[in-house]
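Trainee: Pasting upload-v4.txt here (compact mmCIF, C-alpha atoms):
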```
# COMPACT_ATOMS: atom_id res chain seq x y z
CA MET X 1 128.01 124.40 126.29
CA THR X 2 127.12 126.53 123.26
CA LEU X 3 125.03 124.72 120.68
CA ASP X 4 125.97 125.18 117.04
CA PHE X 5 122.98 126.26 114.98
CA THR X 6 124.86 126.66 111.69
CA LEU X 7 122.64 125.43 108.89
CA ALA X 8 124.02 123.20 106.15
CA SER X 9 121.20 123.41 103.60
CA LYS X 10 121.70 125.15 100.27
CA GLN X 11 120.32 128.68 100.13
CA TYR X 12 118.76 130.39 97.14
CA GLU X 13 118.26 134.11 96.73
CA ILE X 14 114.84 135.24 95.66
CA ASN X 15 113.53 138.73 95.11
CA SER X 16 109.92 138.60 96.24
CA GLU X 17 107.27 136.61 98.07
CA GLU X 18 105.69 135.77 94.71
CA GLU X 19 108.99 134.43 93.40
CA ALA X 20 109.29 132.24 96.49
CA GLN X 21 105.88 130.72 95.81
CA ASP X 22 106.82 130.05 92.20
CA TYR X 23 110.16 128.56 93.23
CA PHE X 24 108.61 125.87 95.42
CA HIS X 25 105.57 125.14 93.28
CA ALA X 26 107.59 124.84 90.08
CA ARG X 27 109.85 122.23 91.69
CA GLY X 28 107.07 120.11 93.17
CA LEU X 29 108.05 121.04 96.71
CA THR X 30 104.55 121.85 97.96
CA ASP X 31 101.13 120.26 98.35
CA GLY X 32 99.65 122.81 95.96
CA LEU X 33 98.80 125.37 98.63
CA PRO X 34 100.80 128.55 99.24
CA ILE X 35 103.87 128.14 101.45
CA VAL X 36 105.80 130.23 103.95
CA PRO X 37 109.32 130.94 102.61
CA PRO X 38 111.76 129.07 104.88
CA THR X 39 114.40 131.57 105.91
CA SER X 40 117.33 130.83 108.21
CA GLU X 41 115.84 132.99 110.95
CA LYS X 42 112.58 131.08 111.00
CA VAL X 43 114.25 127.67 110.83
CA ILE X 44 116.74 128.46 113.60
CA ALA X 45 113.88 129.73 115.77
CA CYS X 46 112.19 126.32 115.43
CA LEU X 47 115.41 124.52 116.34
CA HIS X 48 115.93 126.77 119.36
CA GLN X 49 112.40 126.01 120.51
CA SER X 50 113.10 122.28 120.50
CA GLY X 51 116.69 122.51 121.78
CA MET X 52 117.85 120.48 118.80
CA VAL X 53 120.94 121.29 116.77
CA PRO X 54 120.48 121.19 112.98
CA THR X 55 122.42 117.93 112.62
CA HIS X 56 120.31 116.10 115.20
CA VAL X 57 118.94 112.93 113.58
CA LEU X 58 115.24 112.48 114.22
CA GLY X 59 115.12 109.20 112.40
CA VAL X 60 116.24 107.11 109.50
CA GLU X 61 113.77 105.95 106.89
CA PRO X 62 114.14 102.19 107.38
CA VAL X 63 114.00 100.96 103.76
CA ARG X 64 116.12 103.47 101.89
CA GLY X 65 118.21 104.51 104.86
CA ARG X 66 117.51 108.18 104.32
CA VAL X 67 118.43 110.30 107.31
CA ILE X 68 115.88 112.86 108.53
CA THR X 69 117.62 115.69 110.39
CA ALA X 70 116.14 118.33 112.64
CA GLU X 71 117.27 121.00 110.14
CA LYS X 72 115.42 119.52 107.17
CA THR X 73 112.39 118.82 109.32
CA ALA X 74 112.35 122.42 110.56
CA ILE X 75 112.64 123.81 107.03
CA ASN X 76 109.57 121.86 106.00
CA ALA X 77 107.69 122.80 109.15
CA VAL X 78 108.27 126.48 108.37
CA LEU X 79 107.24 125.83 104.77
CA ALA X 80 103.96 124.39 106.08
CA GLY X 81 103.29 127.45 108.23
CA CYS X 82 104.59 126.29 111.62
CA GLN X 83 105.67 128.72 114.26
CA PRO X 84 108.49 127.70 116.60
CA LEU X 85 106.05 126.51 119.28
CA HIS X 86 104.60 123.97 116.86
CA PHE X 87 107.91 122.43 115.86
CA PRO X 88 108.50 120.03 118.80
CA VAL X 89 105.26 118.23 117.89
CA VAL X 90 106.39 117.81 114.30
CA ALA X 91 109.82 116.56 115.41
CA ALA X 92 108.28 113.99 117.76
CA ALA X 93 105.92 112.80 115.02
CA VAL X 94 108.87 112.20 112.68
CA GLU X 95 110.64 110.21 115.39
CA ALA X 96 107.49 108.12 115.89
CA MET X 97 107.06 107.47 112.17
CA CYS X 98 110.60 106.10 111.92
CA HIS X 99 109.91 103.31 114.41
CA PRO X 100 109.97 99.98 112.52
CA GLU X 101 106.46 98.95 113.60
CA PHE X 102 105.01 102.00 111.84
CA LEU X 103 106.19 100.64 108.45
CA LEU X 104 106.94 104.10 107.08
CA HIS X 105 107.90 103.10 103.55
CA GLY X 106 104.78 101.02 102.97
CA ALA X 107 102.50 103.53 104.65
CA THR X 108 103.67 106.37 102.47
CA CYS X 109 104.09 104.55 99.16
CA SER X 110 101.19 102.08 99.08
CA THR X 111 98.40 102.17 96.55
CA GLY X 112 96.11 102.06 99.62
CA GLY X 113 96.49 105.82 99.92
CA CYS X 114 96.50 106.28 103.66
CA ALA X 115 97.53 109.45 105.48
CA ILE X 116 99.44 109.97 108.71
CA PHE X 117 96.82 110.59 111.39
CA MET X 118 98.20 112.32 114.50
CA VAL X 119 96.69 112.65 117.96
CA VAL X 120 98.18 115.19 120.36
CA ASN X 121 97.79 114.81 124.13
CA GLY X 122 98.95 116.67 127.20
CA PRO X 123 99.63 120.25 128.30
CA ILE X 124 100.85 121.25 124.84
CA VAL X 125 97.28 121.08 123.53
CA GLN X 126 96.41 124.17 125.60
CA GLU X 127 99.76 125.85 124.98
CA LEU X 128 99.24 125.67 121.22
CA GLY X 129 95.54 126.52 121.37
CA MET X 130 94.59 123.32 119.60
CA GLY X 131 90.88 122.92 119.03
CA ALA X 132 89.60 119.59 120.28
CA THR X 133 85.90 120.35 120.08
CA PHE X 134 84.09 122.00 117.14
CA ASN X 135 85.15 120.64 113.76
CA ALA X 136 87.86 118.63 115.49
CA LEU X 137 88.73 116.48 112.48
CA ALA X 138 88.93 119.37 110.06
CA ASN X 139 89.99 123.03 110.03
CA SER X 140 89.66 123.52 113.78
CA ASP X 141 92.71 125.68 114.45
CA ARG X 142 96.07 126.89 113.20
CA ALA X 143 98.32 124.49 115.13
CA SER X 144 96.50 121.33 114.07
CA ALA X 145 96.45 122.49 110.45
CA VAL X 146 100.13 123.34 110.13
CA ILE X 147 101.46 120.43 112.22
CA GLY X 148 99.51 117.99 110.06
CA ARG X 149 100.58 119.73 106.88
CA SER X 150 104.24 119.60 107.93
CA ILE X 151 104.19 115.81 107.80
CA ARG X 152 102.99 115.82 104.20
CA LEU X 153 105.70 118.28 103.14
CA ILE X 154 108.38 116.31 105.02
CA LEU X 155 107.37 113.17 103.16
CA ASN X 156 107.21 115.03 99.86
CA ASN X 157 110.50 116.86 100.17
CA ILE X 158 112.83 114.87 102.43
CA LEU X 159 111.69 111.38 101.45
CA ASP X 160 110.61 112.19 97.86
CA VAL X 161 107.16 110.71 98.47
CA LYS X 162 105.46 112.49 95.60
CA PRO X 163 102.24 111.51 93.81
CA GLY X 164 103.08 109.25 90.88
CA GLY X 165 106.66 108.90 92.15
CA LEU X 166 107.11 106.98 95.37
CA ASP X 167 103.55 107.80 96.43
CA ARG X 168 101.57 105.23 94.46
CA SER X 169 98.19 106.02 96.06
CA THR X 170 95.30 105.12 93.80
CA LEU X 171 93.03 107.71 95.40
CA GLY X 172 94.50 109.03 98.64
CA HIS X 173 92.16 111.08 100.81
CA PRO X 174 91.86 114.67 102.08
CA GLY X 175 93.74 113.78 105.29
CA LYS X 176 96.90 113.75 103.20
CA PHE X 177 96.83 117.55 103.33
CA SER X 178 96.65 117.57 107.13
CA TYR X 179 95.31 115.01 109.60
CA CYS X 180 95.98 116.14 113.15
CA LEU X 181 93.64 116.01 116.13
CA ALA X 182 93.96 117.04 119.77
CA GLU X 183 92.16 115.03 122.42
CA ASP X 184 89.58 116.98 124.44
CA GLU X 185 91.08 116.09 127.82
CA ASN X 186 89.29 118.98 129.56
CA GLY X 187 85.92 117.79 128.32
CA THR X 188 86.08 114.28 129.72
CA ASP X 189 86.85 112.31 132.84
CA TRP X 190 88.23 109.53 130.71
CA ILE X 191 91.91 108.69 130.83
CA PRO X 192 93.73 110.38 127.92
CA LEU X 193 95.01 108.27 125.04
CA ALA X 194 98.62 109.05 126.02
CA GLN X 195 98.22 107.56 129.49
CA GLN X 196 96.40 104.55 128.11
CA ARG X 197 99.46 103.97 125.97
CA GLY X 198 101.87 104.26 128.87
CA ALA X 199 102.89 107.93 129.01
CA SER X 200 103.12 109.70 132.36
CA THR X 201 100.64 112.49 133.08
CA ASP X 202 103.18 115.31 133.03
CA ILE X 203 104.32 115.00 129.43
CA SER X 204 102.76 115.76 126.09
CA THR X 205 102.71 113.17 123.35
CA VAL X 206 101.89 112.65 119.74
CA THR X 207 100.53 109.37 118.43
CA VAL X 208 100.95 108.62 114.73
CA PHE X 209 98.80 106.14 112.87
CA ALA X 210 98.73 105.18 109.18
CA ALA X 211 95.05 105.63 108.52
CA GLY X 212 92.27 105.72 106.01
CA SER X 213 89.78 108.56 105.90
CA PRO X 214 87.31 109.08 108.77
CA ARG X 215 84.01 107.23 108.45
CA GLN X 216 81.32 109.28 110.19
CA ILE X 217 78.48 107.59 112.07
CA MET X 218 75.26 108.99 113.57
CA ASN X 219 73.02 107.62 116.30
CA GLU X 220 70.83 110.20 118.02
CA TRP X 221 68.09 107.76 118.87
CA THR X 222 69.38 105.99 121.93
CA THR X 223 71.08 106.63 125.25
CA VAL X 224 72.05 103.01 125.77
CA PRO X 225 75.85 102.52 125.68
CA GLU X 226 75.66 99.14 123.98
CA GLU X 227 73.45 100.53 121.20
CA ILE X 228 75.71 103.53 120.65
CA LEU X 229 78.74 101.27 120.38
CA GLU X 230 76.92 98.83 118.10
CA THR X 231 76.79 101.65 115.55
CA PHE X 232 80.56 102.13 115.80
CA ALA X 233 81.09 98.37 115.56
CA ALA X 234 78.86 98.24 112.47
CA GLU X 235 80.96 100.91 110.78
CA ILE X 236 84.14 98.99 111.60
CA LYS X 237 82.58 95.81 110.21
CA ALA X 238 81.61 97.67 107.04
CA ASN X 239 85.22 98.77 106.65
CA MET X 240 86.39 95.19 107.17
CA LEU X 241 84.14 94.01 104.38
CA HIS X 242 84.43 96.93 101.97
CA TYR X 243 88.11 97.73 102.43
CA SER X 244 90.24 95.23 104.34
CA VAL X 245 89.35 92.44 106.71
CA TRP X 246 92.68 92.49 108.50
CA GLY X 247 92.60 93.60 112.09
CA GLY X 248 94.92 96.15 113.65
CA ASN X 249 94.63 99.45 115.42
CA TYR X 250 91.33 101.20 114.89
CA VAL X 251 90.49 104.69 116.13
CA ILE X 252 87.07 105.78 117.29
CA VAL X 253 86.45 109.45 117.94
CA LEU X 254 83.68 110.10 120.45
CA PRO X 255 82.30 113.66 120.64
CA LYS X 256 80.60 115.03 123.74
CA GLN X 257 76.99 114.02 123.14
CA LEU X 258 77.54 110.31 122.65
CA ARG X 259 80.47 110.25 125.05
CA SER X 260 78.31 111.70 127.84
CA ARG X 261 75.92 108.78 127.54
CA LEU X 262 78.77 106.38 128.10
CA GLU X 263 80.33 108.36 130.92
CA GLU X 264 77.00 108.76 132.71
CA ALA X 265 76.62 104.99 132.60
CA ASN X 266 80.13 104.64 134.08
CA TRP X 267 81.64 103.16 130.95
CA SER X 268 85.41 103.69 130.83
CA LYS X 269 87.61 103.66 127.75
CA SER X 270 88.58 100.11 128.66
CA ASP X 271 84.90 99.11 128.67
CA VAL X 272 84.51 100.63 125.22
CA GLN X 273 87.57 98.74 124.00
CA ARG X 274 86.25 95.44 125.32
CA PHE X 275 82.83 95.96 123.76
CA ILE X 276 84.25 96.78 120.34
CA PHE X 277 86.72 93.88 120.60
CA GLU X 278 83.81 91.50 121.17
CA HIS X 279 81.42 92.96 118.59
CA ALA X 280 83.54 94.16 115.65
CA ARG X 281 83.82 90.80 113.94
CA VAL X 282 82.83 89.48 110.55
CA LYS X 283 82.72 86.04 108.99
CA LYS X 284 84.13 85.06 105.67
CA HIS X 285 80.69 84.38 104.22
CA ASP X 286 79.78 88.04 104.82
CA TRP X 287 81.87 88.79 101.72
CA ILE X 288 79.07 87.30 99.62
CA LYS X 289 76.94 90.39 100.38
CA VAL X 290 79.58 92.85 99.21
CA GLY X 291 80.63 91.40 95.88
CA LYS X 292 83.66 89.47 97.11
CA LYS X 293 82.40 85.91 96.97
CA SER X 294 85.35 84.88 94.82
CA LEU X 295 87.49 85.19 97.95
CA ILE X 296 85.61 82.39 99.65
CA THR X 297 87.29 79.17 98.67
CA GLU X 298 87.04 77.31 101.98
CA ASN X 299 86.05 77.65 105.63
CA LYS X 300 83.28 80.18 105.00
CA ASP X 301 82.46 80.45 108.71
CA LYS X 302 85.95 81.63 109.62
CA GLU X 303 85.72 84.70 111.86
CA PHE X 304 87.87 87.83 111.61
CA SER X 305 88.23 90.32 114.44
CA ALA X 306 88.91 94.01 113.88
CA LEU X 307 91.14 94.04 116.94
CA THR X 308 93.80 91.55 117.96
CA ASN X 309 93.18 92.59 121.54
CA PRO X 310 91.00 95.32 123.15
CA GLU X 311 93.97 97.66 123.59
CA ASP X 312 94.32 97.90 119.81
CA LEU X 313 91.38 100.30 119.83
CA LEU X 314 92.39 103.94 120.27
CA VAL X 315 89.44 105.69 121.91
CA ILE X 316 89.64 109.46 121.58
CA ALA X 317 87.44 112.09 123.20
CA ALA X 318 87.06 114.93 120.71
CA GLY X 319 84.42 116.85 118.79
CA GLY X 320 81.83 119.55 119.27
CA PRO X 321 79.31 119.50 122.11
CA ALA X 322 76.16 118.78 120.13
CA GLY X 323 75.29 116.07 117.64
CA GLY X 324 75.02 112.34 117.92
CA PHE X 325 77.98 111.81 115.66
CA GLY X 326 81.22 109.95 115.90
CA ALA X 327 83.93 108.66 113.64
CA VAL X 328 85.78 105.47 112.93
CA ILE X 329 89.28 105.86 111.53
CA PRO X 330 90.46 102.58 110.05
CA PRO X 331 93.98 101.23 109.70
CA TRP X 332 95.73 101.30 106.37
CA PHE X 333 97.11 97.76 106.59
CA GLY X 334 95.81 95.81 109.57
CA HIS X 335 98.33 94.89 112.22
CA LYS X 336 101.32 95.22 109.88
CA SER X 337 101.53 98.94 110.56
CA ARG X 338 101.10 99.94 114.20
CA ALA X 339 100.26 103.22 115.90
CA VAL X 340 103.27 104.70 117.70
CA THR X 341 103.19 107.18 120.61
CA MET X 342 106.12 109.50 121.26
CA GLY X 343 106.84 112.05 123.97
CA ILE X 344 107.14 115.64 122.75
CA GLY X 345 110.40 117.31 123.67
CA VAL X 346 111.29 114.40 125.91
CA CYS X 347 114.61 112.66 126.01
CA PHE X 348 115.43 113.33 122.39
CA ASP X 349 119.07 112.42 122.84
CA CYS X 350 118.36 109.02 124.37
CA MET Q 1 115.62 137.13 100.81
CA PHE Q 2 117.42 133.80 101.02
CA ILE Q 3 115.38 130.61 101.25
CA LEU Q 4 116.53 127.17 102.31
CA ASP Q 5 116.38 123.94 100.35
CA PRO Q 6 113.74 121.61 101.92
CA THR Q 7 114.95 118.47 100.15
CA ALA Q 8 117.27 115.82 101.57
CA GLU Q 9 120.16 117.00 99.33
CA VAL Q 10 121.57 113.51 99.09
CA ASP Q 11 123.67 112.26 96.21
CA LEU Q 12 121.82 109.28 94.85
CA LYS Q 13 124.14 106.53 93.73
CA PRO Q 14 123.12 105.00 90.41
CA ILE Q 15 122.11 101.35 90.69
CA SER Q 16 123.12 99.21 87.76
CA SER Q 17 121.16 96.17 86.68
CA ALA Q 18 122.62 92.71 87.11
CA PRO Q 19 124.12 91.27 83.90
CA ARG Q 20 121.38 89.90 81.63
CA LEU Q 21 121.26 86.17 80.97
CA LYS Q 22 121.93 85.20 77.38
CA SER Q 23 119.66 82.18 77.76
CA SER Q 24 117.45 80.57 80.39
CA ASP Q 25 118.66 77.17 79.25
CA LYS Q 26 119.27 74.92 82.32
CA LYS Q 27 119.13 77.89 84.66
CA ILE Q 28 117.45 78.20 88.07
CA ILE Q 29 114.78 80.83 87.87
CA GLY Q 30 113.01 82.35 90.88
CA LEU Q 31 109.55 83.84 90.73
CA LEU Q 32 108.98 86.20 93.64
CA SER Q 33 105.41 87.24 94.38
CA ASN Q 34 104.61 90.22 96.58
CA GLY Q 35 101.84 88.07 98.06
CA LYS Q 36 98.78 89.51 96.34
CA ALA Q 37 96.34 87.08 94.79
CA ALA Q 38 96.60 88.37 91.23
CA VAL Q 39 100.25 87.33 90.96
CA SER Q 40 99.41 83.60 90.93
CA PRO Q 41 97.72 83.28 87.51
CA PHE Q 42 100.46 85.38 85.93
CA PHE Q 43 103.22 83.28 87.49
CA ASN Q 44 101.42 80.02 86.63
CA TYR Q 45 101.48 81.04 82.98
CA LEU Q 46 105.07 82.27 83.17
CA GLU Q 47 106.22 79.06 84.85
CA LYS Q 48 104.76 77.00 82.01
CA MET Q 49 106.39 79.24 79.41
CA LEU Q 50 109.80 79.12 81.07
CA GLY Q 51 109.78 75.35 81.34
CA LYS Q 52 108.27 74.53 77.98
CA ASN Q 53 109.66 77.16 75.66
CA TRP Q 54 112.81 78.32 77.38
CA ASN Q 55 114.12 75.10 78.91
CA ALA Q 56 114.74 76.41 82.43
CA LYS Q 57 116.26 73.76 84.72
CA THR Q 58 114.32 74.63 87.86
CA ILE Q 59 111.66 77.20 88.61
CA LEU Q 60 111.29 78.16 92.25
CA ARG Q 61 108.29 80.08 93.61
CA TYR Q 62 108.65 82.50 96.51
CA THR Q 63 106.22 84.81 98.28
CA LYS Q 64 106.96 87.79 100.49
CA ILE Q 65 105.38 87.80 103.95
CA ASN Q 66 104.36 91.45 103.71
CA TYR Q 67 103.65 93.00 100.33
CA SER Q 68 104.28 96.52 101.65
CA ALA Q 69 107.71 95.81 103.08
CA PRO Q 70 111.01 94.66 101.55
CA ALA Q 71 111.69 90.92 101.35
CA ASP Q 72 113.19 89.74 104.61
CA PRO Q 73 116.94 88.84 104.71
CA ASP Q 74 116.31 85.07 104.89
CA LEU Q 75 114.26 85.22 101.72
CA ILE Q 76 116.90 87.30 99.95
CA ARG Q 77 119.55 84.73 100.92
CA GLU Q 78 117.33 81.99 99.53
CA LEU Q 79 116.84 83.95 96.30
CA SER Q 80 120.59 84.14 95.80
CA ARG Q 81 120.44 80.50 94.58
CA CYS Q 82 118.74 81.70 91.43
CA HIS Q 83 120.36 82.77 88.16
CA MET Q 84 117.41 85.04 87.43
CA ILE Q 85 114.50 86.37 89.45
CA VAL Q 86 111.18 87.70 88.22
CA THR Q 87 109.19 89.77 90.69
CA GLY Q 88 105.45 90.15 90.47
CA ILE Q 89 103.15 92.79 91.96
CA GLY Q 90 99.56 91.63 92.09
CA ASP Q 91 97.69 94.96 91.96
```
With the file now loaded, output its structure as structure tokens.
Mentor:
Amino acid sequence: MTLDFTLASKQYEINSEEEAQDYFHARGLTDGLPIVPPTSEKVIACLHQSGMVPTHVLGVEPVRGRVITAEKTAINAVLAGCQPLHFPVVAAAVEAMCHPEFLLHGATCSTGGCAIFMVVNGPIVQELGMGATFNALANSDRASAVIGRSIRLILNNILDVKPGGLDRSTLGHPGKFSYCLAEDENGTDWIPLAQQRGASTDISTVTVFAAGSPRQIMNEWTTVPEEILETFAAEIKANMLHYSVWGGNYVIVLPKQLRSRLEEANWSKSDVQRFIFEHARVKKHDWIKVGKKSLITENKDKEFSALTNPEDLLVIAAGGPAGGFGAVIPPWFGHKSRAVTMGIGVCFDC
Amino acid sequence: MFILDPTAEVDLKPISSAPRLKSSDKKIIGLLSNGKAAVSPFFNYLEKMLGKNWNAKTILRYTKINYSAPADPDLIRELSRCHMIVTGIGD
């Protein structure tokens, strides 16, 4: 069977690279950074890479019913700087975001200003040369940067989620430019996030999560697993008091130095999850210390847990080899928006 | 060079407002909160005003389960009893 790669999008003739930049910036079709002009050749190359025809529907935005096609997704991926190899990750992320439990409309329009955090697992991490060690949460490599950026441009251009329009973020955070991380599967004996969430070992996945900005912790003064994890739990508790008390998925990113202490003591990811589940809890009266006493009208000893169950914690091995640092990435809206994991290039016609 | 349009290219259908009420006299009025705390004092005041000054027959208070998601279908069915609905966002 011959697949039809005829594109349906409108085309505009431009005379120079500079004119292309002006075209997109003047119409609010960028994030403010320079773009790659999306030509038919580049877009079709992305679609070929994924085996998707242009009309393939990756998802439907659940509130407004807006259809997100492979063609429009590929145009925005090219715009963000993606090469064809990167596109299947972007396509899978869009599919994941359209699952009802992700709450796409709220996550992208809320005043809370979250960004779409993405974790990539599996063989594709090596294929794309994704950097899971040094500077893992920032400008680590090309693939992470452009895959993360694609999501912002897709939201901006296909779903019209623009600042001051549908995007009502009071502040937002820098992850809204790009917020994509690969797990350092080669640097750990721990089970990868994808397998913890039910994927088989032979596929690559992307996990999407509506998330606040990373909160960095430091504890270089102990080798005791419980003490290391108490620091993470304290940061989660601070988020519960300062931002939102509602529990949901939380992410903790454990770089090599602190992770080694846990691994040497035979702590698994499940052990970490159980410890945080038990220790990341606050009581209502704790609000008194952070200027929120007006919230306490009754039952001041009521306890709130950051996690509904231990599996709500996404434990990710990533980061450079030295430094007693780690990060907590909090949920945008408790359990009302859930992390979703999707296979990359798997069963897209199911 | 030809470049492709990255937008959805959908034709948005205009949405017209429901006909305005000429009077709230003896009408059922719904007040729909998005669920945030700051809506309550505003609606408490509005409820008094509607009853006292504008002679509404009944004022019904509703609250969405999730302030970041649309009202669920059961709630929308319930709201259809009302002649007029005021929505409140408590940010």
Trainee: Find the residues in chain X near chain Q: any atom within 6 Å counts, using all atoms listed in the file. Write them as a list in words.
Mentor: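 For chain X, the answer reads Ser9, Lys10, Gln11, Tyr12, Glu13, Ile14, Pro38, Thr39, Lys72, Ile75, Asn76, Gly106, Asn157 and Ile158 of chain X.
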Trainee: Neighbouring residues of Q:Ser23 were defined as those with any atom within 12 Å, considering all atoms listed in the file; residues of the same chain fewer than 2 positions away were excluded. Please report them as a PyMOL selection string.
Mentor: chain Q and resi 19-21+25-29+50+53-57+83-84
Trainee: For the point (78.3, 114.0, 117.2) in the file's frame, write as a list in words all residues with an atom no more than 8 Å away, counting only C-alpha atoms.
Mentor: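 Taken together, the residues in range are Met218, Leu254, Pro255, Lys256, Gln257, Leu258, Gly319, Gly320, Pro321, Ala322, Gly323, Gly324, Phe325 and Gly326 of chain X.
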Trainee: Return the single residue from X:Glu41, X:Glu101, X:Asp31, X:Glu298 that is closest to X:Pro163, with distances computed using only C-alpha atoms.
Mentor: X:Asp31
Trainee: Excluding stretch 111-128 of chain X and its own-chain neighbours fewer than 4 positions away, which residues fall within 7 Å of it when counting all atoms listed in the file? Please give them as a PyMOL selection string.
Mentor: chain X and resi 107+143+168-173+175-176+179-183+194+203-212+332
Trainee: How big is the axis-aligned box, and where does its centre sit, when it encloses all atoms of stretch 238-256 of chain X listed in the file and has 8 Å added on every side, reported in Å to one decimal as AutoDock Vina command-line options?
Mentor:
```
--center_x 87.8 --center_y 103.7 --center_z 112.9 --size_x 30.3 --size_y 38.6 --size_z 37.8
```
Trainee: Do you have the atom CA of X:Ile151-atom CA of X:Ala91 distance handy?
Mentor: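 One can read the atom CA of X:Ile151 to atom CA of X:Ala91 distance as 9.5 Å.
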Trainee: If we count all atoms listed in the file and set the cut-off at 8 Å, which residues sit around X:Gly81, ignoring sequence neighbours fewer than 6 positions away in its own chain? Please answer as a PyMOL selection string.
Mentor: chain X and resi 35-36+146+150
Trainee: Rank nothing, just name the residue among Q:Asn44, Q:Thr63, Q:Ser17, Q:Ser33 nearest to Q:Ile89, using only C-alpha atoms.
Mentor: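 For Q:Ile89, the nearest of the given residues is Q:Ser33.
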Trainee: Could you jot down the atom CA of X:Asn239 to atom CA of X:Leu137 separation for me, Å, one decimal place?
Mentor: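 Separation between atom CA of X:Asn239 and atom CA of X:Leu137: 19.0 Å.
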Trainee: Mind listing whatever residues come within 12 Å of the point (106.8, 115.2, 93.1)? Use all atoms listed in the file, file coordinates, and give them as a ChimeraX atom specification.
Mentor: /X:24-32,152-153,155-168 /Q:7
Trainee: Check the smallest atom-to-atom distance from each of Q:Leu12, Q:Asp74, Q:Phe42, Q:Gly51 to Q:Ser24 using all atoms listed in the file, then report the winner.
Mentor: Q:Gly51
Trainee: Here is a test: counting all atoms listed in the file, which residue of X:Gly187, X:Phe5, X:Arg66, X:Pro84 is nearest to X:Thr133?
Mentor: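 Ranking X:Gly187, X:Phe5, X:Arg66, X:Pro84 by distance to X:Thr133, first place goes to X:Gly187.
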Trainee: I'd like the interatomic distance between atom CA of X:Asn249 and atom CA of X:Ser337, to a tenth of an Å.
Mentor: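 Computing the Euclidean distance for atom CA of X:Asn249 and atom CA of X:Ser337 yields 8.5 Å.
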